[in-house]
file model-v7.txt (compact mmCIF, C-alpha atoms)
# COMPACT_ATOMS: atom_id res chain seq x y z
CA ASN N 1 17.21 4.57 8.96
CA ALA N 2 14.58 7.12 7.98
CA GLY N 3 11.13 5.72 7.42
CA VAL N 4 7.92 4.49 9.01
CA THR N 5 8.13 2.45 12.22
CA GLN N 6 5.26 0.25 13.42
CA THR N 7 4.93 -1.44 16.79
CA PRO N 8 4.30 -4.17 17.69
CA LYS N 9 5.25 -6.47 14.80
CA PHE N 10 3.09 -9.35 16.03
CA GLN N 11 0.16 -9.52 18.44
CA VAL N 12 -2.39 -12.12 19.52
CA LEU N 13 -5.57 -10.86 21.17
CA LYS N 14 -8.59 -12.55 22.64
CA THR N 15 -12.01 -11.52 21.38
CA GLY N 16 -13.16 -8.40 23.22
CA GLN N 17 -9.69 -7.20 24.22
CA SER N 18 -8.47 -3.77 23.20
CA MET N 19 -5.13 -2.62 21.88
CA THR N 20 -3.41 0.26 20.11
CA LEU N 21 -1.15 -0.09 17.11
CA GLN N 22 1.55 2.55 17.01
CA CYS N 23 3.03 4.25 13.94
CA ALA N 24 5.74 6.91 13.72
CA GLN N 25 7.49 8.51 10.76
CA ASP N 26 10.62 10.64 10.72
CA MET N 27 10.38 12.08 7.21
CA ASN N 28 8.38 15.18 8.21
CA HIS N 29 5.45 13.99 6.08
CA ASN N 30 2.10 15.68 6.49
CA SER N 31 -0.20 12.76 5.66
CA MET N 32 -0.47 9.35 7.32
CA TYR N 33 -2.60 6.28 6.61
CA TRP N 34 -3.71 2.96 8.03
CA TYR N 35 -4.44 0.03 5.69
CA ARG N 36 -5.29 -3.57 6.35
CA GLN N 37 -4.25 -6.44 4.06
CA ASP N 38 -6.24 -9.64 3.84
CA PRO N 39 -5.78 -12.62 1.49
CA GLY N 40 -7.75 -12.11 -1.71
CA MET N 41 -8.82 -8.58 -0.68
CA GLY N 42 -5.71 -6.53 -1.29
CA LEU N 43 -4.98 -3.45 0.81
CA ARG N 44 -7.99 -1.52 2.08
CA LEU N 45 -7.90 1.91 3.70
CA ILE N 46 -9.12 2.09 7.30
CA TYR N 47 -8.45 5.72 8.27
CA TYR N 48 -6.17 8.50 7.18
CA SER N 49 -4.91 11.87 8.38
CA ALA N 50 -4.29 14.37 5.60
CA SER N 51 -2.53 16.72 8.00
CA GLU N 52 -1.89 17.13 11.72
CA GLY N 53 -5.19 17.67 13.51
CA THR N 54 -7.41 15.99 10.90
CA THR N 55 -8.62 12.42 10.44
CA ASP N 56 -11.02 10.84 7.95
CA LYS N 57 -12.64 7.47 7.44
CA GLY N 58 -11.55 5.17 4.69
CA GLU N 59 -13.22 2.15 3.13
CA VAL N 60 -13.38 -0.07 6.25
CA PRO N 61 -13.44 2.10 9.42
CA ASN N 62 -15.92 0.13 11.55
CA GLY N 63 -14.43 -1.20 14.79
CA TYR N 64 -11.44 1.16 14.72
CA ASN N 65 -10.49 4.58 16.04
CA VAL N 66 -7.45 6.68 15.28
CA SER N 67 -5.46 9.47 16.88
CA ARG N 68 -3.04 11.81 15.14
CA LEU N 69 -0.94 12.51 18.23
CA ASN N 70 1.41 14.95 16.48
CA LYS N 71 2.96 15.29 13.04
CA ARG N 72 5.10 12.16 13.55
CA GLU N 73 2.65 9.74 15.15
CA PHE N 74 -0.63 8.17 14.07
CA SER N 75 -2.14 5.39 16.18
CA LEU N 76 -4.89 2.88 15.43
CA ARG N 77 -7.05 1.54 18.27
CA LEU N 78 -9.21 -1.56 18.39
CA GLU N 79 -11.65 -1.03 21.27
CA SER N 80 -13.14 -4.55 21.29
CA ALA N 81 -11.28 -6.90 19.00
CA ALA N 82 -13.18 -9.37 16.82
CA PRO N 83 -11.89 -12.36 14.81
CA SER N 84 -12.80 -10.44 11.63
CA GLN N 85 -10.04 -7.99 12.54
CA THR N 86 -7.39 -10.66 12.14
CA SER N 87 -5.20 -9.11 9.45
CA VAL N 88 -1.90 -7.48 8.65
CA TYR N 89 -2.00 -3.75 9.35
CA PHE N 90 0.19 -1.29 7.48
CA CYS N 91 0.89 2.32 8.27
CA ALA N 92 2.10 4.68 5.53
CA SER N 93 3.02 8.33 5.14
CA SER N 94 3.35 10.85 2.31
CA GLU N 95 3.68 14.52 1.59
CA LEU N 96 0.53 16.30 0.51
CA GLY N 97 -0.28 16.23 -3.18
CA TYR N 98 1.86 14.42 -5.67
CA ALA N 99 4.41 12.48 -3.60
CA GLY N 100 4.62 8.72 -3.27
CA TYR N 101 3.83 6.72 -0.16
CA THR N 102 6.30 5.09 2.25
CA PHE N 103 5.09 2.05 4.14
CA GLY N 104 6.03 0.50 7.46
CA SER N 105 6.83 -3.19 7.83
CA GLY N 106 3.40 -4.06 9.22
CA THR N 107 1.75 -5.50 12.32
CA ARG N 108 0.44 -9.05 12.06
CA LEU N 109 -2.62 -9.26 14.35
CA THR N 110 -4.49 -12.44 15.24
CA VAL N 111 -7.75 -12.29 17.20
CA VAL N 112 -8.83 -15.62 18.71
CA LYS D 1 -15.59 4.56 -7.05
CA GLN D 2 -12.09 3.91 -8.36
CA GLU D 3 -11.27 0.24 -8.91
CA VAL D 4 -7.86 -1.18 -9.76
CA THR D 5 -7.40 -4.56 -11.45
CA GLN D 6 -4.16 -6.45 -11.93
CA ILE D 7 -3.76 -9.23 -14.45
CA PRO D 8 -2.52 -11.91 -14.18
CA ALA D 9 -3.01 -12.76 -10.50
CA ALA D 10 0.02 -15.06 -10.65
CA LEU D 11 2.83 -15.61 -13.13
CA SER D 12 5.69 -18.09 -13.33
CA VAL D 13 8.55 -17.52 -15.77
CA PRO D 14 12.03 -18.93 -16.37
CA GLU D 15 15.03 -16.85 -15.41
CA GLY D 16 16.15 -14.38 -18.07
CA GLU D 17 12.74 -13.79 -19.58
CA ASN D 18 11.37 -10.29 -20.13
CA LEU D 19 7.89 -9.89 -18.69
CA VAL D 20 5.00 -7.46 -18.44
CA LEU D 21 2.60 -6.97 -15.54
CA ASN D 22 -0.67 -5.20 -16.23
CA CYS D 23 -2.73 -2.75 -14.18
CA SER D 24 -6.03 -1.14 -15.17
CA PHE D 25 -8.14 1.45 -13.37
CA THR D 26 -11.72 2.57 -13.92
CA ASP D 27 -11.46 6.35 -13.48
CA SER D 28 -8.82 8.16 -15.51
CA ALA D 29 -8.88 11.21 -13.19
CA ILE D 30 -5.80 10.28 -11.18
CA TYR D 31 -2.91 12.31 -9.73
CA ASN D 32 -0.35 9.53 -9.96
CA LEU D 33 0.22 5.78 -10.07
CA GLN D 34 2.70 3.87 -7.93
CA TRP D 35 4.14 0.36 -8.31
CA PHE D 36 5.22 -1.51 -5.18
CA ARG D 37 6.99 -4.77 -4.46
CA GLN D 38 6.05 -6.95 -1.49
CA ASP D 39 8.11 -9.92 -0.35
CA PRO D 40 6.34 -12.65 1.70
CA GLY D 41 5.66 -11.49 5.24
CA LYS D 42 7.18 -8.07 4.58
CA GLY D 43 6.07 -4.51 3.97
CA LEU D 44 5.68 -2.65 0.70
CA THR D 45 8.68 -1.22 -1.12
CA SER D 46 8.07 1.54 -3.64
CA LEU D 47 9.47 0.77 -7.09
CA LEU D 48 8.26 3.55 -9.38
CA LEU D 49 5.99 6.59 -9.14
CA ILE D 50 4.46 8.03 -12.31
CA GLN D 51 2.75 11.41 -12.17
CA SER D 52 -0.37 11.92 -14.28
CA SER D 53 1.54 14.18 -16.69
CA GLN D 54 4.21 11.53 -17.33
CA ARG D 55 4.13 8.58 -19.74
CA GLU D 56 6.81 6.38 -18.18
CA GLN D 57 9.43 5.98 -15.49
CA THR D 58 12.51 3.76 -15.44
CA SER D 59 14.65 2.34 -12.67
CA GLY D 60 17.32 -0.17 -13.60
CA ARG D 61 15.63 -3.20 -15.21
CA LEU D 62 12.15 -1.84 -14.45
CA ASN D 63 10.09 0.37 -16.71
CA ALA D 64 6.56 1.50 -15.93
CA SER D 65 4.28 3.16 -18.45
CA LEU D 66 1.04 5.05 -17.95
CA ASP D 67 -1.79 5.61 -20.42
CA LYS D 68 -4.20 7.66 -18.36
CA SER D 69 -6.82 8.05 -21.06
CA SER D 70 -7.26 4.30 -21.43
CA GLY D 71 -6.85 3.60 -17.70
CA ARG D 72 -3.83 1.34 -18.06
CA SER D 73 -0.31 0.93 -16.73
CA THR D 74 2.28 -1.74 -17.39
CA LEU D 75 5.37 -2.73 -15.43
CA TYR D 76 8.08 -4.18 -17.65
CA ILE D 77 10.82 -6.26 -16.03
CA ALA D 78 13.82 -7.00 -18.23
CA ALA D 79 15.99 -10.10 -17.90
CA SER D 80 14.13 -11.46 -14.88
CA GLN D 81 16.06 -13.02 -11.97
CA PRO D 82 15.00 -15.34 -9.12
CA GLY D 83 15.43 -12.35 -6.78
CA ASP D 84 12.58 -10.63 -8.61
CA SER D 85 10.15 -13.20 -7.17
CA ALA D 86 7.61 -11.25 -5.11
CA THR D 87 4.12 -9.79 -5.29
CA TYR D 88 3.84 -6.60 -7.35
CA LEU D 89 1.14 -4.12 -6.39
CA CYS D 90 -0.24 -1.26 -8.47
CA ALA D 91 -1.94 1.69 -6.74
CA VAL D 92 -3.55 4.88 -8.06
CA LYS D 93 -4.13 8.19 -6.32
CA PRO D 94 -7.61 9.45 -7.28
CA GLY D 95 -7.46 13.18 -6.66
CA ASN D 96 -7.26 14.28 -3.04
CA THR D 97 -8.12 10.88 -1.61
CA PRO D 98 -5.62 8.17 -0.64
CA LEU D 99 -4.12 5.42 -2.76
CA VAL D 100 -6.40 2.68 -4.07
CA PHE D 101 -4.68 -0.67 -4.56
CA GLY D 102 -5.04 -3.59 -6.90
CA LYS D 103 -4.82 -7.11 -5.49
CA GLY D 104 -1.39 -7.71 -6.94
CA THR D 105 0.43 -10.09 -9.26
CA ARG D 106 2.45 -12.86 -7.60
CA LEU D 107 5.59 -13.42 -9.66
CA SER D 108 7.83 -16.49 -9.50
CA VAL D 109 11.06 -16.51 -11.47
CA ILE D 110 12.43 -20.03 -11.81
CA ALA D 111 16.20 -20.58 -11.98
call {"tool": "encode", "arguments": {"input": "model-v7.txt", "output": "structure tokens"}}
result
Amino acid sequence: NAGVTQTPKFQVLKTGQSMTLQCAQDMNHNSMYWYRQDPGMGLRLIYYSASEGTTDKGEVPNGYNVSRLNKREFSLRLESAAPSQTSVYFCASSELGYAGYTFGSGTRLTVV
Amino acid sequence: KQEVTQIPAALSVPEGENLVLNCSFTDSAIYNLQWFRQDPGKGLTSLLLIQSSQREQTSGRLNASLDKSSGRSTLYIAASQPGDSATYLCAVKPGNTPLVFGKGTRLSVIA
């Protein structure tokens, strides 16, 4: 099925470990996004890529890095995980301009 | 900074009732507004997308309206069913920056 695919679906990390969350879309969308969702906080933007070759910080970028590998793939890296990064991470994509967003099913990350 | 508020935070209704979920935003300069549904432990499913030039959109039993000048949108669900139980999220697109989300309304429809 066409859409946004995130891997892994679940992950447990120890404090200080690193990992990369993967996201791929097959809808030929130009823009891609990473959000985190925490209880009582709603969804907050971490980083986004308006088009291939560009990335910008969102509301909560500290502790994260991103790579827009090509038009299909946008990865999120935690260099040194902290318990405060325990969250559910969602990747989304959209066309430029007026189109709606399509979301992946999320990665549930626990940092102990 | 754009802020999105959804009221109520939680709602419980008996099956068959018509209901309205509210969304307000602080800056009326938006490109569009999107309503999503989220089931527990799942991702977000897009329900309706309203462009800034539109007043409403309909899909089946769902109708979303947009009053940009007053910074408000409503999601109307007709003849609610237990399968409608989920969290409903409102998000606005403020110009060339990404979607800004409200915290959602958790809906329970009781059979």
call {"tool": "residues_around", "arguments": {"input": "model-v7.txt", "residues": "Leu33 of chain D", "least_positions_apart": "2", "cutoff": "6 Å", "atoms": "all atoms listed in the file", "output": "MDAnalysis selection string"}}
result
chainID D and resid 49:50 91:92
call {"tool": "closest_residue", "arguments": {"input": "model-v7.txt", "among": "D:Asn32, D:Ser12, D:Thr26, D:Ser65", "to": "Ala86 of chain D", "atoms": "all atoms listed in the file"}}
result
D:Ser12
call {"tool": "residues_around", "arguments": {"input": "model-v7.txt", "residues": "Ala99 of chain N", "least_positions_apart": "2", "cutoff": "10 Å", "atoms": "all atoms listed in the file", "output": "list in words"}}
result
His29, Ser93, Ser94, Glu95, Leu96, Gly97, Tyr101 and Thr102 of chain N; Tyr31, Asn32, Gln34, Leu49, Ile50, Gln51 and Lys93 of chain D
call {"tool": "residues_around", "arguments": {"input": "model-v7.txt", "residues": "Arg72 of chain D", "least_positions_apart": "2", "cutoff": "7 Å", "atoms": "all atoms listed in the file", "output": "PDB file with C-alpha atoms, in the coordinates of the input"}}
result
ATOM      1  CA  CYS D  23      -2.730  -2.750 -14.180  1.00  0.00           C
ATOM      2  CA  SER D  24      -6.030  -1.140 -15.170  1.00  0.00           C
ATOM      3  CA  PHE D  25      -8.140   1.450 -13.370  1.00  0.00           C
ATOM      4  CA  LEU D  66       1.040   5.050 -17.950  1.00  0.00           C
ATOM      5  CA  ASP D  67      -1.790   5.610 -20.420  1.00  0.00           C
ATOM      6  CA  LYS D  68      -4.200   7.660 -18.360  1.00  0.00           C
ATOM      7  CA  SER D  70      -7.260   4.300 -21.430  1.00  0.00           C
ATOM      8  CA  THR D  74       2.280  -1.740 -17.390  1.00  0.00           C
TER       9      THR D  74
END
call {"tool": "residues_around", "arguments": {"input": "model-v7.txt", "residues": "segment 79-81 of chain D", "least_positions_apart": "4", "cutoff": "6 Å", "atoms": "only C-alpha atoms", "output": "short mmCIF file (atom, residue, chain, number, x, y, z; two decimals) with C-alpha atoms, in the coordinates of the input"}}
result
data_model
loop_
_atom_site.label_atom_id
_atom_site.label_comp_id
_atom_site.auth_asym_id
_atom_site.auth_seq_id
_atom_site.Cartn_x
_atom_site.Cartn_y
_atom_site.Cartn_z
CA GLU D 15 15.03 -16.85 -15.41
CA GLY D 16 16.15 -14.38 -18.07
CA GLU D 17 12.74 -13.79 -19.58
CA ASN D 18 11.37 -10.29 -20.13
#
call {"tool": "closest_residue", "arguments": {"input": "model-v7.txt", "among": "D:Val4, D:Leu89, D:Leu44, D:Ala111", "to": "Ser28 of chain D", "atoms": "all atoms listed in the file"}}
result
D:Val4
call {"tool": "atom_distance", "arguments": {"input": "model-v7.txt", "atom1": "atom CA of Ala2 of chain N", "atom2": "atom CA of Gly83 of chain D"}}
result
24.4 Å
call {"tool": "atom_distance", "arguments": {"input": "model-v7.txt", "atom1": "atom CA of Arg44 of chain N", "atom2": "atom CA of Tyr89 of chain N"}}
result
9.7 Å
call {"tool": "closest_atom_pairs", "arguments": {"input": "model-v7.txt", "of": "chain N", "to": "chain D", "cutoff": "12 Å", "atoms": "all atoms listed in the file", "output": "Markdown table"}}
result
| residue | atom | partner | partner_atom | distance |
| --- | --- | --- | --- | --- |
| N:Gly3 | CA | D:Thr45 | CA | 11.3 |
| N:Val4 | CA | D:Gly43 | CA | 10.5 |
| N:Thr5 | CA | D:Gly43 | CA | 11.0 |
| N:Gln6 | CA | D:Gly43 | CA | 10.6 |
| N:Lys9 | CA | D:Lys42 | CA | 10.5 |
| N:Phe10 | CA | D:Gly41 | CA | 11.3 |
| N:Ser31 | CA | D:Pro98 | CA | 9.5 |
| N:Met32 | CA | D:Pro98 | CA | 9.6 |
| N:Tyr33 | CA | D:Pro98 | CA | 8.1 |
| N:Trp34 | CA | D:Pro98 | CA | 10.3 |
| N:Tyr35 | CA | D:Leu99 | CA | 10.0 |
| N:Arg36 | CA | D:Phe101 | CA | 11.3 |
| N:Gln37 | CA | D:Lys103 | CA | 9.6 |
| N:Asp38 | CA | D:Lys103 | CA | 9.8 |
| N:Pro39 | CA | D:Lys103 | CA | 8.9 |
| N:Gly40 | CA | D:Lys103 | CA | 6.9 |
| N:Met41 | CA | D:Lys103 | CA | 6.4 |
| N:Gly42 | CA | D:Lys103 | CA | 4.3 |
| N:Leu43 | CA | D:Phe101 | CA | 6.1 |
| N:Arg44 | CA | D:Phe101 | CA | 7.5 |
| N:Leu45 | CA | D:Val100 | CA | 8.0 |
| N:Ile46 | CA | D:Pro98 | CA | 10.6 |
| N:Tyr47 | CA | D:Pro98 | CA | 9.7 |
| N:Tyr48 | CA | D:Pro98 | CA | 7.8 |
| N:Ser49 | CA | D:Pro98 | CA | 9.8 |
| N:Ala50 | CA | D:Thr97 | CA | 8.9 |
| N:Asp56 | CA | D:Thr97 | CA | 10.0 |
| N:Lys57 | CA | D:Thr97 | CA | 10.7 |
| N:Gly58 | CA | D:Pro98 | CA | 8.5 |
| N:Glu59 | CA | D:Val100 | CA | 9.9 |
| N:Ser87 | CA | D:Gly41 | CA | 11.9 |
| N:Val88 | CA | D:Gly41 | CA | 9.2 |
| N:Tyr89 | CA | D:Gly43 | CA | 9.7 |
| N:Phe90 | CA | D:Gly43 | CA | 7.6 |
| N:Cys91 | CA | D:Gly43 | CA | 9.6 |
| N:Ala92 | CA | D:Leu44 | CA | 9.5 |
| N:Ser93 | CA | D:Pro98 | CA | 10.4 |
| N:Ser94 | CA | D:Pro98 | CA | 9.8 |
| N:Glu95 | CA | D:Pro98 | CA | 11.5 |
| N:Leu96 | CA | D:Asn96 | CA | 8.8 |
| N:Gly97 | CA | D:Asn96 | CA | 7.2 |
| N:Tyr98 | CA | D:Tyr31 | CA | 6.6 |
| N:Ala99 | CA | D:Leu49 | CA | 8.2 |
| N:Gly100 | CA | D:Leu49 | CA | 6.4 |
| N:Tyr101 | CA | D:Ser46 | CA | 7.5 |
| N:Thr102 | CA | D:Ser46 | CA | 7.1 |
| N:Phe103 | CA | D:Leu44 | CA | 5.9 |
| N:Gly104 | CA | D:Gly43 | CA | 6.1 |
| N:Ser105 | CA | D:Gly43 | CA | 4.1 |
| N:Gly106 | CA | D:Gly43 | CA | 5.9 |
| N:Thr107 | CA | D:Gly43 | CA | 9.5 |
| N:Arg108 | CA | D:Gly41 | CA | 8.9 |
call {"tool": "atom_distance", "arguments": {"input": "model-v7.txt", "atom1": "atom CA of Leu107 of chain D", "atom2": "atom CA of Asp39 of chain D"}}
result
10.3 Å
call {"tool": "residues_around", "arguments": {"input": "model-v7.txt", "residues": "Asn70 of chain N", "least_positions_apart": "2", "cutoff": "12 Å", "atoms": "only C-alpha atoms", "output": "ChimeraX atom specification"}}
result
/N:23-26,28-32,49,51-55,67-68,72-75
